[in-house]
Structures are given as C-alpha cells and as structure tokens.
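So this block is entry_13.cif, mmCIF, C-alpha atoms:
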data_upload
#
loop_
_atom_site.label_atom_id
_atom_site.label_comp_id
_atom_site.auth_asym_id
_atom_site.auth_seq_id
_atom_site.Cartn_x
_atom_site.Cartn_y
_atom_site.Cartn_z
CA MET A 1 33.76 17.53 -19.23
CA ALA A 2 34.58 15.81 -22.53
CA HIS A 3 36.26 12.97 -20.63
CA ALA A 4 33.16 12.48 -18.47
CA GLU A 5 30.90 12.45 -21.53
CA GLY A 6 33.07 9.74 -23.07
CA ILE A 7 32.80 7.66 -19.91
CA TYR A 8 29.01 8.04 -19.93
CA VAL A 9 28.82 6.76 -23.51
CA LEU A 10 31.07 3.79 -22.74
CA ILE A 11 29.06 2.92 -19.63
CA ALA A 12 25.78 3.02 -21.57
CA ILE A 13 27.17 0.86 -24.37
CA THR A 14 28.67 -1.64 -21.90
CA ALA A 15 25.37 -1.97 -20.05
CA LEU A 16 23.46 -2.33 -23.32
CA ILE A 17 25.73 -5.10 -24.61
CA GLY A 18 25.72 -6.81 -21.22
CA VAL A 19 21.91 -6.96 -21.13
CA VAL A 20 21.63 -8.09 -24.76
CA LEU A 21 24.02 -10.97 -24.05
CA ALA A 22 22.58 -11.86 -20.64
CA THR A 23 18.88 -11.85 -21.50
CA PRO A 24 18.80 -15.10 -23.55
CA VAL A 25 20.63 -16.86 -20.71
CA VAL A 26 18.24 -15.42 -18.12
CA ARG A 27 15.29 -16.43 -20.28
CA ARG A 28 16.43 -20.06 -20.22
CA VAL A 29 16.97 -19.87 -16.45
CA ALA A 30 13.45 -18.48 -16.00
CA TRP A 31 11.93 -21.39 -17.93
CA ARG A 32 14.10 -23.90 -16.09
CA PHE A 33 13.26 -22.72 -12.57
CA GLY A 34 9.66 -21.63 -13.00
CA PHE A 35 9.85 -17.84 -13.14
CA ILE A 36 6.82 -17.79 -15.42
CA ASP A 37 3.96 -15.32 -15.82
CA GLN A 38 0.84 -17.34 -16.58
CA PRO A 39 -1.90 -15.80 -18.76
CA SER A 40 -5.16 -14.69 -17.15
CA PHE A 41 -8.19 -12.54 -17.91
CA ARG A 42 -6.37 -9.46 -16.53
CA LYS A 43 -3.28 -9.91 -18.73
CA VAL A 44 -2.66 -9.21 -22.40
CA HIS A 45 -0.40 -12.20 -23.17
CA ALA A 46 -2.11 -15.42 -24.23
CA THR A 47 0.78 -17.82 -23.52
CA PRO A 48 3.11 -18.31 -20.51
CA MET A 49 6.02 -15.85 -20.46
CA PRO A 50 9.34 -15.91 -18.58
CA ARG A 51 9.59 -12.95 -16.21
CA LEU A 52 13.11 -12.83 -14.84
CA GLY A 53 14.37 -10.14 -17.22
CA GLY A 54 15.21 -7.94 -14.26
CA LEU A 55 18.18 -10.19 -13.55
CA ALA A 56 19.66 -9.33 -16.96
CA ILE A 57 19.04 -5.60 -16.38
CA TYR A 58 20.69 -5.85 -12.97
CA ALA A 59 23.69 -7.73 -14.36
CA GLY A 60 24.25 -5.28 -17.22
CA PHE A 61 23.94 -2.31 -14.88
CA ILE A 62 26.37 -3.71 -12.30
CA VAL A 63 28.95 -4.85 -14.88
CA ALA A 64 28.98 -1.41 -16.51
CA LEU A 65 29.56 0.31 -13.17
CA LEU A 66 32.26 -2.12 -12.08
CA VAL A 67 34.14 -1.81 -15.36
CA LEU A 68 33.87 1.93 -15.94
CA GLY A 69 32.24 3.62 -12.97
CA THR A 70 34.83 5.36 -10.78
CA ARG A 71 35.39 8.73 -9.12
CA PHE A 72 32.25 8.86 -7.00
CA ARG A 73 31.57 8.68 -3.28
CA PHE A 74 31.96 5.06 -2.30
CA ASN A 75 29.48 5.01 0.59
CA GLU A 76 26.69 6.62 -1.44
CA ALA A 77 27.21 4.30 -4.41
CA VAL A 78 27.25 1.25 -2.13
CA GLY A 79 24.09 2.44 -0.36
CA ILE A 80 22.23 2.85 -3.65
CA LEU A 81 23.38 -0.54 -4.95
CA LEU A 82 22.59 -2.35 -1.69
CA GLY A 83 19.09 -0.87 -1.56
CA ALA A 84 18.48 -1.64 -5.24
CA THR A 85 19.73 -5.20 -4.75
CA LEU A 86 17.39 -5.73 -1.80
CA VAL A 87 14.24 -4.63 -3.65
CA SER A 88 15.30 -6.59 -6.74
CA VAL A 89 15.83 -9.81 -4.77
CA VAL A 90 12.46 -9.46 -3.05
CA GLY A 91 10.88 -8.74 -6.42
CA GLY A 92 12.53 -11.85 -7.85
CA ILE A 93 11.11 -13.96 -5.04
CA ASP A 94 7.67 -12.54 -5.84
CA ASP A 95 8.18 -13.33 -9.53
CA HIS A 96 8.54 -17.01 -8.63
CA SER A 97 5.98 -17.29 -5.83
CA PRO A 98 3.79 -14.22 -5.09
CA ILE A 99 4.40 -12.93 -1.56
CA GLY A 100 1.88 -10.08 -1.37
CA PRO A 101 2.40 -6.34 -1.00
CA ALA A 102 3.37 -6.12 2.69
CA PRO A 103 6.80 -7.83 2.44
CA LYS A 104 7.65 -5.82 -0.66
CA LEU A 105 6.71 -2.54 1.00
CA LEU A 106 8.74 -3.49 4.06
CA ALA A 107 11.76 -4.27 1.87
CA GLN A 108 11.37 -0.97 0.05
CA ALA A 109 11.20 0.97 3.32
CA LEU A 110 14.30 -0.87 4.55
CA ALA A 111 16.08 -0.09 1.27
CA ALA A 112 15.17 3.58 1.74
CA GLY A 113 16.70 3.35 5.22
CA ILE A 114 19.93 2.02 3.67
CA LEU A 115 19.96 5.05 1.38
CA ILE A 116 19.51 7.42 4.29
CA PHE A 117 22.23 5.70 6.32
CA SER A 118 24.64 6.05 3.38
CA GLY A 119 23.96 9.78 3.09
CA VAL A 120 21.51 9.78 0.17
CA GLN A 121 18.40 11.57 1.40
CA VAL A 122 16.19 14.58 0.94
CA ALA A 123 17.71 17.68 2.52
CA VAL A 124 14.98 20.27 2.16
CA PHE A 125 13.62 20.70 5.69
CA ASP A 126 15.28 21.94 8.86
CA GLN A 127 13.87 18.99 10.82
CA GLN A 128 15.73 15.76 10.07
CA TRP A 129 12.70 13.58 10.75
CA LEU A 130 10.81 15.37 7.97
CA ASN A 131 13.67 14.73 5.54
CA VAL A 132 13.62 11.05 6.51
CA VAL A 133 9.85 10.75 6.07
CA VAL A 134 9.88 12.45 2.66
CA THR A 135 12.82 10.31 1.54
CA VAL A 136 10.99 7.09 2.41
CA ILE A 137 7.76 8.27 0.76
CA TRP A 138 9.62 9.32 -2.39
CA VAL A 139 11.62 6.09 -2.67
CA VAL A 140 8.67 3.78 -1.99
CA GLY A 141 6.40 5.83 -4.26
CA ILE A 142 8.72 5.96 -7.28
CA THR A 143 9.79 2.34 -6.86
CA ASN A 144 6.17 1.20 -7.04
CA ALA A 145 5.30 3.70 -9.78
CA LEU A 146 7.65 1.92 -12.19
CA ASN A 147 6.27 -1.41 -11.01
CA PHE A 148 2.70 -0.30 -11.78
CA LEU A 149 3.78 0.81 -15.27
CA ASP A 150 5.07 -2.66 -16.11
CA ASN A 151 1.81 -3.84 -17.67
CA MET A 152 2.50 -3.54 -21.41
CA ASP A 153 5.35 -4.69 -23.63
CA GLY A 154 8.18 -2.19 -23.54
CA LEU A 155 6.35 0.39 -21.42
CA SER A 156 8.28 0.35 -18.15
CA ALA A 157 11.68 -0.11 -19.82
CA GLY A 158 10.87 2.60 -22.37
CA ILE A 159 9.75 5.14 -19.77
CA ALA A 160 12.80 4.32 -17.64
CA ALA A 161 15.11 4.79 -20.63
CA VAL A 162 13.65 8.24 -21.34
CA ALA A 163 13.87 9.26 -17.67
CA SER A 164 17.46 7.97 -17.47
CA ALA A 165 18.39 9.97 -20.57
CA PHE A 166 17.05 13.17 -19.01
CA PHE A 167 18.82 12.49 -15.71
CA LEU A 168 22.03 11.83 -17.66
CA LEU A 169 21.70 15.11 -19.55
CA LEU A 170 21.00 17.11 -16.38
CA ALA A 171 23.86 15.40 -14.55
CA ALA A 172 26.32 16.07 -17.38
CA LEU A 173 25.35 19.75 -17.52
CA ASN A 174 25.79 20.12 -13.74
CA ASN A 175 28.85 17.92 -13.17
CA GLN A 176 26.93 15.36 -11.11
CA TYR A 177 29.19 12.38 -11.77
CA LEU A 178 27.47 9.73 -9.63
CA VAL A 179 24.08 10.54 -11.14
CA GLY A 180 25.67 10.60 -14.59
CA VAL A 181 27.29 7.16 -14.46
CA MET A 182 24.26 5.46 -12.93
CA SER A 183 21.90 7.16 -15.38
CA ALA A 184 24.11 6.05 -18.28
CA ALA A 185 24.22 2.47 -16.99
CA LEU A 186 20.44 2.37 -16.51
CA LEU A 187 19.85 3.94 -19.93
CA GLY A 188 21.99 1.32 -21.66
CA ALA A 189 20.46 -1.53 -19.65
CA CYS A 190 16.89 -0.48 -20.47
CA ILE A 191 17.62 -0.04 -24.18
CA GLY A 192 19.30 -3.44 -24.26
CA PHE A 193 16.30 -5.07 -22.61
CA LEU A 194 13.88 -3.39 -25.02
CA TRP A 195 15.41 -5.52 -27.79
CA TYR A 196 13.57 -8.48 -26.19
CA ASN A 197 10.68 -6.63 -24.56
CA PHE A 198 9.15 -4.69 -27.45
CA ASN A 199 5.82 -6.08 -28.64
CA PRO A 200 5.66 -9.03 -29.05
CA ALA A 201 7.88 -9.50 -26.01
CA SER A 202 9.79 -12.73 -25.49
CA ILE A 203 10.49 -12.02 -21.81
CA PHE A 204 9.14 -9.74 -19.07
CA MET A 205 11.34 -7.87 -16.60
CA GLY A 206 9.11 -8.89 -13.68
CA ASP A 207 9.15 -7.24 -10.28
CA SER A 208 12.87 -7.96 -10.00
CA GLY A 209 13.40 -5.50 -12.84
CA SER A 210 10.69 -2.89 -12.33
CA LEU A 211 11.43 -2.49 -8.60
CA PHE A 212 15.17 -2.27 -9.29
CA ILE A 213 14.67 0.38 -11.99
CA GLY A 214 12.22 2.34 -9.85
CA PHE A 215 14.56 2.36 -6.87
CA ILE A 216 17.54 3.53 -8.95
CA LEU A 217 15.49 6.34 -10.50
CA ALA A 218 14.23 7.39 -7.06
CA ALA A 219 17.81 7.52 -5.72
CA LEU A 220 19.03 9.47 -8.76
CA GLY A 221 16.22 11.98 -8.26
CA ILE A 222 17.41 12.55 -4.69
CA LYS A 223 21.08 12.84 -5.68
CA LEU A 224 20.55 15.28 -8.56
CA ARG A 225 21.53 18.77 -7.45
CA PHE A 226 21.49 22.27 -8.94
CA PRO A 227 23.81 24.25 -6.63
CA ASP A 228 23.08 27.61 -8.26
CA ASN A 229 19.30 27.29 -7.92
CA THR A 230 16.76 27.13 -5.13
CA ASP A 231 15.50 23.95 -3.48
CA ILE A 232 12.22 24.14 -5.41
CA VAL A 233 14.12 23.99 -8.72
CA THR A 234 16.17 21.05 -7.48
CA TRP A 235 13.05 19.10 -6.56
CA MET A 236 10.90 20.05 -9.53
CA ALA A 237 13.41 18.55 -11.99
CA PRO A 238 13.07 14.89 -10.87
CA VAL A 239 9.32 15.34 -10.37
CA LEU A 240 8.97 16.52 -13.98
CA VAL A 241 11.29 13.83 -15.35
CA LEU A 242 9.28 11.15 -13.54
CA GLY A 243 5.96 12.91 -14.12
CA LEU A 244 4.36 10.11 -16.15
CA PRO A 245 4.85 7.28 -13.61
CA ILE A 246 3.92 9.67 -10.77
CA LEU A 247 0.69 10.66 -12.55
CA ASP A 248 -0.12 7.06 -13.45
CA THR A 249 0.35 5.85 -9.87
CA THR A 250 -1.69 8.75 -8.49
CA LEU A 251 -4.58 8.05 -10.87
CA VAL A 252 -4.50 4.32 -10.12
CA THR A 253 -4.49 4.97 -6.36
CA VAL A 254 -7.33 7.51 -6.52
CA SER A 255 -9.37 5.24 -8.81
CA ARG A 256 -9.00 2.26 -6.47
CA LEU A 257 -9.86 4.32 -3.40
CA ARG A 258 -13.00 5.66 -5.10
CA ARG A 259 -14.06 2.08 -5.84
CA GLY A 260 -13.36 1.01 -2.27
CA VAL A 261 -10.45 -1.20 -3.35
CA ASN A 262 -7.18 -1.44 -1.41
CA PRO A 263 -4.59 0.61 -3.35
#

Before anything else, please render the file you have as structure tokens.
Amino acid sequence: MAHAEGIYVLIAITALIGVVLATPVVRRVAWRFGFIDQPSFRKVHATPMPRLGGLAIYAGFIVALLVLGTRFRFNEAVGILLGATLVSVVGGIDDHSPIGPAPKLLAQALAAGILIFSGVQVAVFDQQWLNVVVTVIWVVGITNALNFLDNMDGLSAGIAAVASAFFLLLAALNNQYLVGVMSAALLGACIGFLWYNFNPASIFMGDSGSLFIGFILAALGIKLRFPDNTDIVTWMAPVLVLGLPILDTTLVTVSRLRRGVNP
C-alpha cells in the first residue's frame, strides 16, 4: 500500500511538472497555427486567447503514465487512452475550426465503443445491451459536462482536479491501481495547468482539454469498484464525485429545452 501511495505521488508530480513545462511551448504553437479564441459578446475575455492548453494536459498525463504507470491491465489502459485521444483530437480540430456538435458527439460515442471493446463498461444489468447503452450515455454525458464547465478561468481544471483527488483517494483505499495512477496523473496535470489558467488566464484548455478530461473522468468512474458493497454504492460514488458537472449540465439542458433551444 505504501509503495502504491509513493507511485501515486510521483505520477502526480511528474504530470504537474510536464504540464508546467509544456504549456508555454503549446501557447506559442497555438498563436503560430491559429488556435485562438476570439472575444465576443458571450465571452468574458476582451482579447484573443490561445486555446490549445489541452495538448499540454494530454502530454503531461501521457508522460507521467509512460514513466511511472505500470502494473495495470494493458487492454483496459489502452482502451481508455485511445478513446481519450480520439475525443481530444476531435476537440483540437474544433478549437481551430469549429465543426459543430454532431461530429463531436459521434467521436464521443465511438470512443465509448472503444472503452466497451477493451472491457471498460458498466456491469450493473443482466442484459448486455442495457450495460452498453448506459455506458455510452455516461461517457458522452460526463465528457460534455466538463466541456460545458469550461467557461470561466480555472473552473473546469479546478473541478477536474478536485474530482481526480477524490477518485485517487477512493482508489487508494480500495486497491484500485489503474484508477489510482490515472487519477494521480490527471490531478497533477490539472494542477499544473491551473498555474496558467487561473484568472487572468494566459491560455485556455479548449475542447481538446475539456473533452479529454471529461472522458478520463467518465472512464475512471466506470472502473472504480467497491467489491464489499452493493452495486448502488459503487455507482453512487462517481455520481457524487462528479455531482457538480452533472448538475450543471442537467440545469443547462433543462433551461435550453424550456426556452425551445437545441441543447
């Protein structure tokens, strides 16, 4: 247990340092290649802002796992990383030239399918098709919930850091090593990015970051297990940890539907 806790700390620190070092480079790349968020009446920033910070978060996360993340099921880890990479790449494309919601939703559903194929899925119902449907709804819902939260300096990264910390604690207490190492890597990456994203931010994470973070948190929520408790306890834990983005997304969706606006 002590050895695992030490690994978690090292992974978090490695991811943090990686993001702190990578973000200035990514910021220059964003300016150079036009990954810029222009100001508008719906936005709080008054000047153009680079929005490719998700690339730095992704890099720090991956480097930390490659350097220190071992001893977990290879196929499940690869499935999570492939799905997260897919939604991040599509988000990055949208950061440069908006592509609309349909392609992003399709990519998220496909990424959820990669998770299911790798063995990471809800296993609550006796009917497999129900497990598949709930898995896709959960993954797409949480992925977009973090994306919707990314509308103020430091908000999405801060919420993700808190959620990652709780997942890390629960994983450490229940010997869930895969959840532990990925939670630690995401925690460090988010804290590292906050150095540049606190108000006044010098870079935004963009969809490449918020969709990546949301997908990882959704996958960690599925993977977290409490073997000595009932299924309802197992599922209430991630719902409570991610309660704020879930509530925010629900309120936004209901509000838009009441106004006759497409959610």

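Nearest to Leu178 in chain A of all the residues A:Ala111, A:Ala15, A:Val122, A:Ile222 is A:Ile222, based on only C-alpha atoms.
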
*With the file shown as input, list the residues that the PyMOL selection byres ((chain A and resi 241) around 12) selects, as a PyMOL selection string.*
chain A and resi 142+159-170+217-218+220-221+224+234-240+242-247

*Can you turn the PyMOL selection byres ((chain A and resi 76-83) around 6) into a concrete residue list for this file, as a PyMOL selection string?*
chain A and resi 73-75+84-86+111+114-115+118

Could you write out the selected residues, including C-alpha atoms, as a CSV table (one decimal), in the frame of the given file?
chain,number,residue,atom,x,y,z
A,73,ARG,CA,31.6,8.7,-3.3
A,74,PHE,CA,32.0,5.1,-2.3
A,75,ASN,CA,29.5,5.0,0.6
A,84,ALA,CA,18.5,-1.6,-5.2
A,85,THR,CA,19.7,-5.2,-4.8
A,86,LEU,CA,17.4,-5.7,-1.8
A,111,ALA,CA,16.1,-0.1,1.3
A,114,ILE,CA,19.9,2.0,3.7
A,115,LEU,CA,20.0,5.0,1.4
A,118,SER,CA,24.6,6.0,3.4

_Excluding range 198-214 of chain A and its own-chain neighbours fewer than 4 positions away, which residues fall within 7 Å of it when counting only C-alpha atoms? Please give them as JSON, numbers by chain._
{"A": [27, 49, 50, 51, 52, 53, 54, 55, 57, 84, 87, 88, 89, 91, 92, 95, 142, 143, 144, 146, 147, 150, 153, 154, 194, 218]}

Starting from the shown file, work through the PyMOL selection byres ((chain A and resi 68) around 9) and note down what comes out as a PDB file with C-alpha atoms, keeping the file's coordinate frame.
ATOM      1  CA  ILE A   7      32.800   7.660 -19.910  1.00  0.00           C
ATOM      2  CA  TYR A   8      29.010   8.040 -19.930  1.00  0.00           C
ATOM      3  CA  LEU A  10      31.070   3.790 -22.740  1.00  0.00           C
ATOM      4  CA  ILE A  11      29.060   2.920 -19.630  1.00  0.00           C
ATOM      5  CA  THR A  14      28.670  -1.640 -21.900  1.00  0.00           C
ATOM      6  CA  VAL A  63      28.950  -4.850 -14.880  1.00  0.00           C
ATOM      7  CA  ALA A  64      28.980  -1.410 -16.510  1.00  0.00           C
ATOM      8  CA  LEU A  65      29.560   0.310 -13.170  1.00  0.00           C
ATOM      9  CA  LEU A  66      32.260  -2.120 -12.080  1.00  0.00           C
ATOM     10  CA  VAL A  67      34.140  -1.810 -15.360  1.00  0.00           C
ATOM     11  CA  GLY A  69      32.240   3.620 -12.970  1.00  0.00           C
ATOM     12  CA  THR A  70      34.830   5.360 -10.780  1.00  0.00           C
ATOM     13  CA  VAL A 181      27.290   7.160 -14.460  1.00  0.00           C
TER      14      VAL A 181
END

*Polymer residues at most 6 Å from Pro48 in chain A, all atoms listed in the file, same-chain spacing of 4 or more positions, as a list in words*: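 Residues meeting the cut-off are Asp37, Gln38 and Pro39 of chain A.
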
Spatial neighbours of Val139 in chain A, max dist 8 Å, only C-alpha atoms, sep filter under 4 positions, as a PDB file with C-alpha atoms, in the frame of the given file:
ATOM      1  CA  GLN A 108      11.370  -0.970   0.050  1.00  0.00           C
ATOM      2  CA  ALA A 109      11.200   0.970   3.320  1.00  0.00           C
ATOM      3  CA  ALA A 112      15.170   3.580   1.740  1.00  0.00           C
ATOM      4  CA  THR A 135      12.820  10.310   1.540  1.00  0.00           C
ATOM      5  CA  THR A 143       9.790   2.340  -6.860  1.00  0.00           C
ATOM      6  CA  PHE A 215      14.560   2.360  -6.870  1.00  0.00           C
ATOM      7  CA  ALA A 218      14.230   7.390  -7.060  1.00  0.00           C
ATOM      8  CA  ALA A 219      17.810   7.520  -5.720  1.00  0.00           C
TER       9      ALA A 219
END

*Could you please determine the separation between CA of Val20 in chain A and CA of Phe193 in chain A in Å, to one decimal place?*
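We find that CA of Val20 in chain A and CA of Phe193 in chain A lie 6.5 Å from each other.
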